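Structure file upload-v5.pdb (PDB, C-alpha atoms) follows.
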ATOM      1  CA  MET A   1      87.867  58.216 164.252  1.00  0.00           C
ATOM      2  CA  PRO A   2      84.822  58.170 161.994  1.00  0.00           C
ATOM      3  CA  GLU A   3      84.321  55.177 159.756  1.00  0.00           C
ATOM      4  CA  TYR A   4      83.823  56.113 156.144  1.00  0.00           C
ATOM      5  CA  LYS A   5      81.696  54.379 153.536  1.00  0.00           C
ATOM      6  CA  SER A   6      81.685  54.699 149.758  1.00  0.00           C
ATOM      7  CA  VAL A   7      78.962  56.051 147.493  1.00  0.00           C
ATOM      8  CA  LYS A   8      78.497  55.834 143.770  1.00  0.00           C
ATOM      9  CA  VAL A   9      77.318  58.991 142.007  1.00  0.00           C
ATOM     10  CA  LYS A  10      75.884  58.576 138.537  1.00  0.00           C
ATOM     11  CA  GLN A  11      74.924  61.181 135.988  1.00  0.00           C
ATOM     12  CA  GLY A  12      71.345  62.416 135.997  1.00  0.00           C
ATOM     13  CA  ARG A  13      69.056  63.258 133.108  1.00  0.00           C
ATOM     14  CA  GLY A  14      70.988  65.056 130.381  1.00  0.00           C
ATOM     15  CA  GLY A  15      74.129  64.845 132.469  1.00  0.00           C
ATOM     16  CA  TRP A  16      77.666  63.881 131.562  1.00  0.00           C
ATOM     17  CA  GLY A  17      80.552  61.871 132.968  1.00  0.00           C
ATOM     18  CA  GLY A  18      80.932  59.527 135.893  1.00  0.00           C
ATOM     19  CA  PRO A  19      79.953  57.375 137.585  1.00  0.00           C
ATOM     20  CA  LEU A  20      82.213  58.441 140.431  1.00  0.00           C
ATOM     21  CA  THR A  21      82.943  56.427 143.539  1.00  0.00           C
ATOM     22  CA  ILE A  22      83.456  58.720 146.501  1.00  0.00           C
ATOM     23  CA  THR A  23      85.125  57.549 149.694  1.00  0.00           C
ATOM     24  CA  PRO A  24      86.133  60.166 152.243  1.00  0.00           C
ATOM     25  CA  SER A  25      89.151  59.473 154.410  1.00  0.00           C
ATOM     26  CA  ASP A  26      90.818  60.980 157.445  1.00  0.00           C
ATOM     27  CA  GLN A  27      93.037  62.896 155.011  1.00  0.00           C
ATOM     28  CA  ARG A  28      90.112  63.931 152.776  1.00  0.00           C
ATOM     29  CA  PRO A  29      87.014  64.132 154.966  1.00  0.00           C
ATOM     30  CA  LEU A  30      85.206  67.067 153.353  1.00  0.00           C
ATOM     31  CA  ILE A  31      82.099  67.010 151.185  1.00  0.00           C
ATOM     32  CA  TYR A  32      82.676  70.512 149.848  1.00  0.00           C
ATOM     33  CA  SER A  33      79.517  72.322 148.730  1.00  0.00           C
ATOM     34  CA  VAL A  34      80.269  75.320 146.491  1.00  0.00           C
ATOM     35  CA  THR A  35      76.625  76.115 145.880  1.00  0.00           C
ATOM     36  CA  GLY A  36      74.094  78.841 146.484  1.00  0.00           C
ATOM     37  CA  GLY A  37      71.940  78.656 149.592  1.00  0.00           C
ATOM     38  CA  GLY A  38      74.237  76.627 151.833  1.00  0.00           C
ATOM     39  CA  ILE A  39      74.927  72.882 151.809  1.00  0.00           C
ATOM     40  CA  HIS A  40      73.186  71.441 148.759  1.00  0.00           C
ATOM     41  CA  PRO A  41      70.928  68.364 149.279  1.00  0.00           C
ATOM     42  CA  VAL A  42      73.236  66.327 147.013  1.00  0.00           C
ATOM     43  CA  ALA A  43      76.197  67.209 149.253  1.00  0.00           C
ATOM     44  CA  ALA A  44      74.120  66.490 152.349  1.00  0.00           C
ATOM     45  CA  ARG A  45      73.210  63.045 151.006  1.00  0.00           C
ATOM     46  CA  ILE A  46      76.808  62.196 150.105  1.00  0.00           C
ATOM     47  CA  ALA A  47      77.883  63.261 153.598  1.00  0.00           C
ATOM     48  CA  GLU A  48      75.127  61.276 155.242  1.00  0.00           C
ATOM     49  CA  LEU A  49      75.879  58.071 153.343  1.00  0.00           C
ATOM     50  CA  THR A  50      79.665  58.271 153.558  1.00  0.00           C
ATOM     51  CA  GLY A  51      80.198  59.730 157.011  1.00  0.00           C
ATOM     52  CA  GLY A  52      82.097  62.638 155.426  1.00  0.00           C
ATOM     53  CA  GLU A  53      81.816  66.185 156.717  1.00  0.00           C
ATOM     54  CA  ALA A  54      79.503  68.511 154.777  1.00  0.00           C
ATOM     55  CA  PHE A  55      81.306  71.833 154.317  1.00  0.00           C
ATOM     56  CA  ASP A  56      79.999  75.133 152.891  1.00  0.00           C
ATOM     57  CA  GLY A  57      82.679  76.633 150.629  1.00  0.00           C
ATOM     58  CA  PHE A  58      81.035  80.045 150.712  1.00  0.00           C
ATOM     59  CA  LYS A  59      81.182  80.215 154.508  1.00  0.00           C
ATOM     60  CA  SER A  60      84.827  79.308 154.953  1.00  0.00           C
ATOM     61  CA  SER A  61      87.562  77.906 152.790  1.00  0.00           C
ATOM     62  CA  ALA A  62      89.234  74.527 152.857  1.00  0.00           C
ATOM     63  CA  PRO A  63      92.527  73.305 151.398  1.00  0.00           C
ATOM     64  CA  PHE A  64      92.096  71.213 148.245  1.00  0.00           C
ATOM     65  CA  ASP A  65      93.862  68.218 149.754  1.00  0.00           C
ATOM     66  CA  LYS A  66      91.115  67.907 152.398  1.00  0.00           C
ATOM     67  CA  ILE A  67      88.292  67.632 149.846  1.00  0.00           C
ATOM     68  CA  ALA A  68      86.778  64.212 149.088  1.00  0.00           C
ATOM     69  CA  VAL A  69      84.352  65.692 146.563  1.00  0.00           C
ATOM     70  CA  ALA A  70      83.247  69.159 145.423  1.00  0.00           C
ATOM     71  CA  VAL A  71      79.519  69.633 144.814  1.00  0.00           C
ATOM     72  CA  ILE A  72      78.779  72.641 142.585  1.00  0.00           C
ATOM     73  CA  ASP A  73      75.791  74.328 140.939  1.00  0.00           C
ATOM     74  CA  CYS A  74      77.804  75.558 138.011  1.00  0.00           C
ATOM     75  CA  GLY A  75      76.275  76.956 134.855  1.00  0.00           C
ATOM     76  CA  GLY A  76      78.992  75.484 132.699  1.00  0.00           C
ATOM     77  CA  THR A  77      81.975  77.842 132.566  1.00  0.00           C
ATOM     78  CA  ALA A  78      83.973  78.417 135.720  1.00  0.00           C
ATOM     79  CA  ARG A  79      83.532  75.989 138.583  1.00  0.00           C
ATOM     80  CA  VAL A  80      83.174  72.960 136.269  1.00  0.00           C
ATOM     81  CA  GLY A  81      86.875  73.240 135.507  1.00  0.00           C
ATOM     82  CA  VAL A  82      88.420  74.572 138.704  1.00  0.00           C
ATOM     83  CA  TYR A  83      88.039  71.436 140.790  1.00  0.00           C
ATOM     84  CA  PRO A  84      88.848  68.819 138.102  1.00  0.00           C
ATOM     85  CA  MET A  85      91.957  70.881 137.254  1.00  0.00           C
ATOM     86  CA  LYS A  86      93.089  70.221 140.831  1.00  0.00           C
ATOM     87  CA  LYS A  87      92.152  66.526 140.431  1.00  0.00           C
ATOM     88  CA  VAL A  88      89.266  66.928 142.882  1.00  0.00           C
ATOM     89  CA  LEU A  89      86.226  64.733 142.178  1.00  0.00           C
ATOM     90  CA  THR A  90      83.412  67.069 141.092  1.00  0.00           C
ATOM     91  CA  VAL A  91      79.645  66.694 141.068  1.00  0.00           C
ATOM     92  CA  ASP A  92      77.618  69.367 139.216  1.00  0.00           C
ATOM     93  CA  ILE A  93      73.915  69.416 140.013  1.00  0.00           C
ATOM     94  CA  HIS A  94      73.299  71.089 136.653  1.00  0.00           C
ATOM     95  CA  ALA A  95      73.476  68.976 133.492  1.00  0.00           C
ATOM     96  CA  THR A  96      76.645  70.489 132.057  1.00  0.00           C
ATOM     97  CA  SER A  97      79.260  69.017 129.721  1.00  0.00           C
ATOM     98  CA  PRO A  98      82.918  69.960 129.360  1.00  0.00           C
ATOM     99  CA  ALA A  99      83.126  73.619 128.302  1.00  0.00           C
ATOM    100  CA  GLY A 100      84.707  76.884 129.307  1.00  0.00           C
ATOM    101  CA  PRO A 101      88.373  77.853 129.510  1.00  0.00           C
ATOM    102  CA  LEU A 102      89.246  74.807 131.637  1.00  0.00           C
ATOM    103  CA  ALA A 103      87.284  72.248 129.577  1.00  0.00           C
ATOM    104  CA  GLN A 104      90.419  70.179 128.921  1.00  0.00           C
ATOM    105  CA  PHE A 105      90.569  69.203 132.615  1.00  0.00           C
ATOM    106  CA  ILE A 106      86.990  67.913 132.768  1.00  0.00           C
ATOM    107  CA  THR A 107      87.107  64.142 132.358  1.00  0.00           C
ATOM    108  CA  GLU A 108      84.558  61.453 133.118  1.00  0.00           C
ATOM    109  CA  ASP A 109      86.714  59.898 135.835  1.00  0.00           C
ATOM    110  CA  LEU A 110      86.690  63.231 137.723  1.00  0.00           C
ATOM    111  CA  PHE A 111      83.386  64.817 136.833  1.00  0.00           C
ATOM    112  CA  VAL A 112      79.706  63.908 136.773  1.00  0.00           C
ATOM    113  CA  SER A 113      76.751  66.225 136.142  1.00  0.00           C
ATOM    114  CA  GLY A 114      72.980  66.537 136.241  1.00  0.00           C
ATOM    115  CA  VAL A 115      73.075  64.859 139.656  1.00  0.00           C
ATOM    116  CA  LYS A 116      70.085  64.720 141.997  1.00  0.00           C
ATOM    117  CA  PRO A 117      70.047  63.185 145.504  1.00  0.00           C
ATOM    118  CA  ASP A 118      68.579  59.969 144.040  1.00  0.00           C
ATOM    119  CA  ASP A 119      71.641  59.578 141.815  1.00  0.00           C
ATOM    120  CA  VAL A 120      73.773  59.023 144.932  1.00  0.00           C
ATOM    121  CA  GLU A 121      73.731  55.409 146.127  1.00  0.00           C
ATOM    122  CA  PRO A 122      75.707  53.358 148.621  1.00  0.00           C
ATOM    123  CA  ALA A 123      78.525  51.631 146.773  1.00  0.00           C
TER     124      ALA A 123
ATOM    125  CA  MET B   1      52.115 105.745 121.394  1.00  0.00           C
ATOM    126  CA  THR B   2      55.085 106.396 123.567  1.00  0.00           C
ATOM    127  CA  GLY B   3      54.629 108.457 126.675  1.00  0.00           C
ATOM    128  CA  THR B   4      57.326 109.528 129.002  1.00  0.00           C
ATOM    129  CA  THR B   5      60.003 106.930 129.474  1.00  0.00           C
ATOM    130  CA  ALA B   6      60.492 105.822 133.040  1.00  0.00           C
ATOM    131  CA  PRO B   7      64.078 106.027 134.273  1.00  0.00           C
ATOM    132  CA  PRO B   8      65.949 102.749 134.192  1.00  0.00           C
ATOM    133  CA  ARG B   9      65.570 100.619 137.281  1.00  0.00           C
ATOM    134  CA  VAL B  10      68.714  99.294 138.919  1.00  0.00           C
ATOM    135  CA  VAL B  11      68.039  95.594 139.546  1.00  0.00           C
ATOM    136  CA  TYR B  12      71.628  94.820 140.537  1.00  0.00           C
ATOM    137  CA  ASP B  13      74.201  97.254 141.814  1.00  0.00           C
ATOM    138  CA  SER B  14      77.668  96.227 142.880  1.00  0.00           C
ATOM    139  CA  THR B  15      81.229  97.489 143.172  1.00  0.00           C
ATOM    140  CA  VAL B  16      84.346  95.633 142.082  1.00  0.00           C
ATOM    141  CA  THR B  17      86.628  94.756 145.005  1.00  0.00           C
ATOM    142  CA  ALA B  18      89.332  92.602 143.407  1.00  0.00           C
ATOM    143  CA  VAL B  19      90.409  91.318 139.982  1.00  0.00           C
ATOM    144  CA  GLY B  20      92.063  87.924 139.638  1.00  0.00           C
ATOM    145  CA  GLU B  21      95.306  87.320 137.768  1.00  0.00           C
ATOM    146  CA  GLN B  22      93.700  85.179 135.066  1.00  0.00           C
ATOM    147  CA  VAL B  23      90.944  87.670 134.301  1.00  0.00           C
ATOM    148  CA  GLU B  24      92.903  89.537 131.631  1.00  0.00           C
ATOM    149  CA  ALA B  25      93.701  86.305 129.774  1.00  0.00           C
ATOM    150  CA  PHE B  26      90.021  85.358 129.728  1.00  0.00           C
ATOM    151  CA  LEU B  27      89.135  88.774 128.285  1.00  0.00           C
ATOM    152  CA  GLY B  28      90.957  87.678 125.153  1.00  0.00           C
ATOM    153  CA  HIS B  29      88.318  84.959 124.803  1.00  0.00           C
ATOM    154  CA  GLY B  30      85.464  87.426 125.361  1.00  0.00           C
ATOM    155  CA  LEU B  31      84.819  86.026 128.828  1.00  0.00           C
ATOM    156  CA  LEU B  32      84.415  87.779 132.150  1.00  0.00           C
ATOM    157  CA  ILE B  33      83.630  85.785 135.303  1.00  0.00           C
ATOM    158  CA  PHE B  34      82.187  87.389 138.420  1.00  0.00           C
ATOM    159  CA  PHE B  35      81.938  86.030 141.938  1.00  0.00           C
ATOM    160  CA  GLY B  36      80.839  87.601 145.201  1.00  0.00           C
ATOM    161  CA  ASP B  37      83.407  88.717 147.718  1.00  0.00           C
ATOM    162  CA  ASP B  38      82.792  85.720 149.956  1.00  0.00           C
ATOM    163  CA  SER B  39      83.611  83.169 147.242  1.00  0.00           C
ATOM    164  CA  PRO B  40      86.190  80.481 148.072  1.00  0.00           C
ATOM    165  CA  ALA B  41      89.853  81.242 147.399  1.00  0.00           C
ATOM    166  CA  GLU B  42      90.233  78.809 144.492  1.00  0.00           C
ATOM    167  CA  LEU B  43      87.849  80.948 142.411  1.00  0.00           C
ATOM    168  CA  HIS B  44      89.647  84.245 142.992  1.00  0.00           C
ATOM    169  CA  ASP B  45      92.266  83.890 140.241  1.00  0.00           C
ATOM    170  CA  MET B  46      89.735  83.559 137.458  1.00  0.00           C
ATOM    171  CA  SER B  47      87.178  86.082 138.638  1.00  0.00           C
ATOM    172  CA  VAL B  48      86.284  89.666 139.255  1.00  0.00           C
ATOM    173  CA  ARG B  49      85.057  89.886 142.816  1.00  0.00           C
ATOM    174  CA  HIS B  50      82.519  92.399 143.955  1.00  0.00           C
ATOM    175  CA  THR B  51      80.153  93.329 146.711  1.00  0.00           C
ATOM    176  CA  ALA B  52      76.530  94.123 145.909  1.00  0.00           C
ATOM    177  CA  VAL B  53      74.318  96.715 147.575  1.00  0.00           C
ATOM    178  CA  VAL B  54      71.294  95.935 145.374  1.00  0.00           C
ATOM    179  CA  ALA B  55      70.607  92.323 144.388  1.00  0.00           C
ATOM    180  CA  GLU B  56      66.962  92.237 143.366  1.00  0.00           C
ATOM    181  CA  GLU B  57      66.922  90.322 140.105  1.00  0.00           C
ATOM    182  CA  GLY B  58      69.146  88.639 137.562  1.00  0.00           C
ATOM    183  CA  PRO B  59      69.555  90.079 134.066  1.00  0.00           C
ATOM    184  CA  ARG B  60      67.077  89.670 131.213  1.00  0.00           C
ATOM    185  CA  PRO B  61      67.516  90.154 127.493  1.00  0.00           C
ATOM    186  CA  GLY B  62      67.219  93.869 126.763  1.00  0.00           C
ATOM    187  CA  ASP B  63      68.735  94.918 130.077  1.00  0.00           C
ATOM    188  CA  THR B  64      71.875  97.021 130.158  1.00  0.00           C
ATOM    189  CA  ILE B  65      74.990  95.834 131.971  1.00  0.00           C
ATOM    190  CA  VAL B  66      77.286  98.605 133.157  1.00  0.00           C
ATOM    191  CA  LEU B  67      80.938  97.683 133.707  1.00  0.00           C
ATOM    192  CA  GLY B  68      82.944 100.706 134.788  1.00  0.00           C
ATOM    193  CA  GLU B  69      82.454 103.203 131.954  1.00  0.00           C
ATOM    194  CA  GLN B  70      81.240 100.616 129.441  1.00  0.00           C
ATOM    195  CA  GLN B  71      77.615  99.707 128.779  1.00  0.00           C
ATOM    196  CA  MET B  72      76.279  96.711 126.889  1.00  0.00           C
ATOM    197  CA  GLU B  73      72.908  95.242 126.054  1.00  0.00           C
ATOM    198  CA  VAL B  74      72.049  91.766 127.293  1.00  0.00           C
ATOM    199  CA  LEU B  75      71.214  89.456 124.357  1.00  0.00           C
ATOM    200  CA  ALA B  76      70.552  86.148 126.117  1.00  0.00           C
ATOM    201  CA  VAL B  77      70.438  84.722 129.635  1.00  0.00           C
ATOM    202  CA  GLY B  78      70.776  81.071 130.670  1.00  0.00           C
ATOM    203  CA  PRO B  79      68.313  79.433 133.079  1.00  0.00           C
ATOM    204  CA  VAL B  80      70.621  79.271 136.131  1.00  0.00           C
ATOM    205  CA  VAL B  81      71.987  82.815 135.868  1.00  0.00           C
ATOM    206  CA  ALA B  82      69.594  84.504 138.302  1.00  0.00           C
ATOM    207  CA  ASP B  83      70.153  81.948 141.093  1.00  0.00           C
ATOM    208  CA  ASN B  84      73.903  82.093 140.688  1.00  0.00           C
ATOM    209  CA  LEU B  85      74.007  85.884 140.653  1.00  0.00           C
ATOM    210  CA  LEU B  86      71.615  86.492 143.521  1.00  0.00           C
ATOM    211  CA  GLN B  87      73.011  83.737 145.756  1.00  0.00           C
ATOM    212  CA  LEU B  88      76.705  83.757 144.952  1.00  0.00           C
ATOM    213  CA  GLY B  89      77.322  86.996 143.088  1.00  0.00           C
ATOM    214  CA  HIS B  90      78.343  84.736 140.204  1.00  0.00           C
ATOM    215  CA  LEU B  91      77.907  85.553 136.529  1.00  0.00           C
ATOM    216  CA  ASP B  92      79.621  84.394 133.332  1.00  0.00           C
ATOM    217  CA  LEU B  93      79.568  87.229 130.813  1.00  0.00           C
ATOM    218  CA  LYS B  94      80.288  86.268 127.212  1.00  0.00           C
ATOM    219  CA  ALA B  95      80.861  88.773 124.407  1.00  0.00           C
ATOM    220  CA  ASN B  96      79.854  86.296 121.719  1.00  0.00           C
ATOM    221  CA  GLY B  97      76.926  88.060 120.041  1.00  0.00           C
ATOM    222  CA  LEU B  98      74.716  84.968 120.376  1.00  0.00           C
ATOM    223  CA  SER B  99      70.983  85.355 120.958  1.00  0.00           C
ATOM    224  CA  GLU B 100      70.681  81.942 122.663  1.00  0.00           C
ATOM    225  CA  PRO B 101      72.605  80.901 125.786  1.00  0.00           C
ATOM    226  CA  LYS B 102      74.957  78.026 124.926  1.00  0.00           C
ATOM    227  CA  LEU B 103      75.469  77.078 128.578  1.00  0.00           C
ATOM    228  CA  PRO B 104      72.962  77.417 131.431  1.00  0.00           C
ATOM    229  CA  GLY B 105      75.073  80.036 133.211  1.00  0.00           C
ATOM    230  CA  ASP B 106      75.770  82.252 130.193  1.00  0.00           C
ATOM    231  CA  VAL B 107      74.914  85.910 129.818  1.00  0.00           C
ATOM    232  CA  ASN B 108      75.557  86.948 126.224  1.00  0.00           C
ATOM    233  CA  VAL B 109      76.306  90.427 124.937  1.00  0.00           C
ATOM    234  CA  ALA B 110      77.479  91.717 121.534  1.00  0.00           C
ATOM    235  CA  LYS B 111      80.990  90.855 120.400  1.00  0.00           C
ATOM    236  CA  GLN B 112      83.241  93.551 121.816  1.00  0.00           C
ATOM    237  CA  ASP B 113      86.318  94.057 123.939  1.00  0.00           C
ATOM    238  CA  LEU B 114      85.166  93.582 127.506  1.00  0.00           C
ATOM    239  CA  PRO B 115      86.862  95.955 129.944  1.00  0.00           C
ATOM    240  CA  LEU B 116      89.587  95.011 132.377  1.00  0.00           C
ATOM    241  CA  LEU B 117      87.901  96.187 135.545  1.00  0.00           C
ATOM    242  CA  SER B 118      89.592  97.655 138.612  1.00  0.00           C
ATOM    243  CA  PRO B 119      88.561  97.769 142.247  1.00  0.00           C
ATOM    244  CA  GLY B 120      86.015 100.535 142.719  1.00  0.00           C
ATOM    245  CA  ASP B 121      84.457 100.103 139.247  1.00  0.00           C
ATOM    246  CA  ALA B 122      80.712  99.646 138.957  1.00  0.00           C
ATOM    247  CA  PHE B 123      79.023  96.359 138.031  1.00  0.00           C
ATOM    248  CA  ARG B 124      75.390  97.207 137.527  1.00  0.00           C
ATOM    249  CA  ILE B 125      72.335  95.853 135.745  1.00  0.00           C
ATOM    250  CA  LEU B 126      69.721  98.319 134.507  1.00  0.00           C
ATOM    251  CA  ARG B 127      66.241  97.511 133.292  1.00  0.00           C
ATOM    252  CA  GLY B 128      65.650 100.015 130.549  1.00  0.00           C
ATOM    253  CA  ASP B 129      62.039 101.044 130.630  1.00  0.00           C
ATOM    254  CA  GLY B 130      61.204 100.964 134.312  1.00  0.00           C
ATOM    255  CA  ARG B 131      58.556  98.283 133.830  1.00  0.00           C
ATOM    256  CA  THR B 132      57.941  95.954 136.720  1.00  0.00           C
ATOM    257  CA  THR B 133      57.971  92.170 136.603  1.00  0.00           C
ATOM    258  CA  GLU B 134      54.200  92.038 136.393  1.00  0.00           C
ATOM    259  CA  ASP B 135      54.108  94.171 133.236  1.00  0.00           C
ATOM    260  CA  GLN B 136      56.454  91.949 131.298  1.00  0.00           C
ATOM    261  CA  THR B 137      55.333  88.906 129.430  1.00  0.00           C
TER     262      THR B 137
END
Show me this structure written as structure tokens.
Amino acid sequence: MPEYKSVKVKQGRGGWGGPLTITPSDQRPLIYSVTGGGIHPVAARIAELTGGEAFDGFKSSAPFDKIAVAVIDCGGTARVGVYPMKKVLTVDIHATSPAGPLAQFITEDLFVSGVKPDDVEPA
Amino acid sequence: MTGTTAPPRVVYDSTVTAVGEQVEAFLGHGLLIFFGDDSPAELHDMSVRHTAVVAEEGPRPGDTIVLGEQQMEVLAVGPVVADNLLQLGHLDLKANGLSEPKLPGDVNVAKQDLPLLSPGDAFRILRGDGRTTEDQT
């Protein structure tokens, strides 16, 4: 059994929401990267520091209840709402704020944006 | 002044493969969301999925977007649009008539009724005057 550690993810320049504390577990081991170009460096850093499993959402799909955190490169409309709506912690690498058709689900206890690898620290 | 006009260049050429259940509701808000065929399942409900055969460039203002039988001019393009389209097949099309992108992923066109697409319909981006990247400033 892997041992999991926690990280704190704070908003980056121009970002919104958070900070989020992310702790994977045996039930929720996945650091789910829904980003272009494979596992994003922010997801890789969260996985490295927590012991979670980096997972590329565009290569295969995972059930929501396995996801410790979703890392997205959303431009502000679609993905920003999808994961918070399912109560999945969400990190957007772009500096977005609540908007789009699912804006009502985007809250600062579930969502943080503008995040760079340096904004992820051991908690 | 004007010589012969070069034929439009197809910078993105794709075919719709599936249309999510929420897509029609979003049309009422002037919003159409695209994702590539390999997008994760949780995004399927809200999006039109498609598979591209040409994915050279993202849209620019002045380009024409073809959706099935409908054509529309691009008014504004956010800074993350090209990456999202070329890497994920993702695009947020907004029929809001705005000449500035409100969100970094927005592609704005004139206010209009966006079409409810069906599998087999075209999703294409045309660059009107055949100029290349180097010619444009």
Residues near Ala99 (chain A), anyone? I mean within 12 Å using all atoms listed in the file, not counting same-chain ones fewer than 4 positions away, as a PyMOL selection string. (chain A and resi 16+74-82+95+103-107) or (chain B and resi 102-106)
Hey, what's within 7 Å of Asn84 (chain B) if we count all atoms listed in the file and toss same-chain stuff fewer than 6 positions away? As number ranges by chain, please? A: 36; B: 90-91
Evaluating the PyMOL selection byres ((chain B and resi 65-78) around 6) on the displayed file yields which residues, as a ChimeraX atom specification? /B:61-64,79-81,99-101,104-109,121-125
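Between CA of Gly128 (chain B) and CA of Ala82 (chain B) the separation is 17.8 Å.
Comparing the minimum interatomic distances between Arg49 (chain B) and each of B:Leu31, B:Leu114, B:Val23, B:Leu126, counting only C-alpha atoms, we find that B:Val23 sits nearest.
The coordinates place CA of Thr90 (chain A) at 10.7 Å from CA of Val115 (chain A).
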Please return the centre and edge lengths, in Å to one decimal, of a box with edges along x, y and z that contains all listed atoms of region 55-63 of chain B, widened by 4 Å on every side, as lines of an AutoDock Vina configuration file.
center_x = 68.8
center_y = 91.8
center_z = 135.6
size_x = 11.7
size_y = 14.3
size_z = 25.6
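The space between CA of Gly15 (chain A) and CA of Val88 (chain A) spans 18.5 Å.
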Extract, using all atoms listed in the file, all DNA, RNA and protein residues at most 6 Å from region 39-43 of chain B, discarding same-chain residues fewer than 2 positions from it, and format them as a PyMOL selection string. (chain A and resi 57-58+61) or (chain B and resi 36-37+45-46)
For the selection just defined, write its residues with C-alpha atoms to a file, as a PDB file, in the coordinates of the input.
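Okay, again_32.pdb is ready:
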ATOM      1  CA  GLY A  57      82.679  76.633 150.629  1.00  0.00           C
ATOM      2  CA  PHE A  58      81.035  80.045 150.712  1.00  0.00           C
ATOM      3  CA  SER A  61      87.562  77.906 152.790  1.00  0.00           C
TER       4      SER A  61
ATOM      5  CA  GLY B  36      80.839  87.601 145.201  1.00  0.00           C
ATOM      6  CA  ASP B  37      83.407  88.717 147.718  1.00  0.00           C
ATOM      7  CA  ASP B  45      92.266  83.890 140.241  1.00  0.00           C
ATOM      8  CA  MET B  46      89.735  83.559 137.458  1.00  0.00           C
TER       9      MET B  46
END
Option closest in space to chain B, from A:Pro24, A:Gly18, A:Gly100, A:Gly51 [counting only C-alpha atoms]: A:Gly100
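Nearest to Lys66 (chain A) of all the residues A:Leu30, A:Ala47, A:Met85, A:Ile93 is A:Leu30, counting all atoms listed in the file.
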Can you list, as number ranges by chain, every protein, DNA or RNA residue that comes within 12 Å of Val112 (chain A) when you count all atoms listed in the file, leaving out same-chain residues fewer than 3 positions away? A: 8-22, 69-74, 80-81, 83-84, 88-98, 106-109, 115-116, 119-120
If you count only C-alpha atoms, the residue of B:Val19, B:Val10, B:Val48, B:Leu86 closest to chain A turns out to be B:Leu86
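Ranking A:Pro101, A:Pro41, A:Pro122, A:Gly52 by their shortest atom-to-atom distance to chain B, with only C-alpha atoms included, puts A:Pro101 first.
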Applied to the shown file, which residues does the PyMOL selection byres ((chain A and resi 56) around 8) return, written as a list in words? Tyr32, Ser33, Val34, Thr35, Gly38, Ile39, Ala54, Phe55, Gly57, Phe58, Lys59 and Ser60 of chain A
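Evaluated against the shown file, the PyMOL selection byres ((chain B and resi 54) around 9) gives Val10, Val11, Tyr12, Asp13, Ser14, Ala52, Val53, Ala55, Glu56, Glu57 and Arg124 of chain B.
For the residues B:Thr51, B:Thr17, B:Gln22, B:Gln87, ranking by smallest atom-to-atom distance to chain A using only C-alpha atoms places B:Gln87 first.
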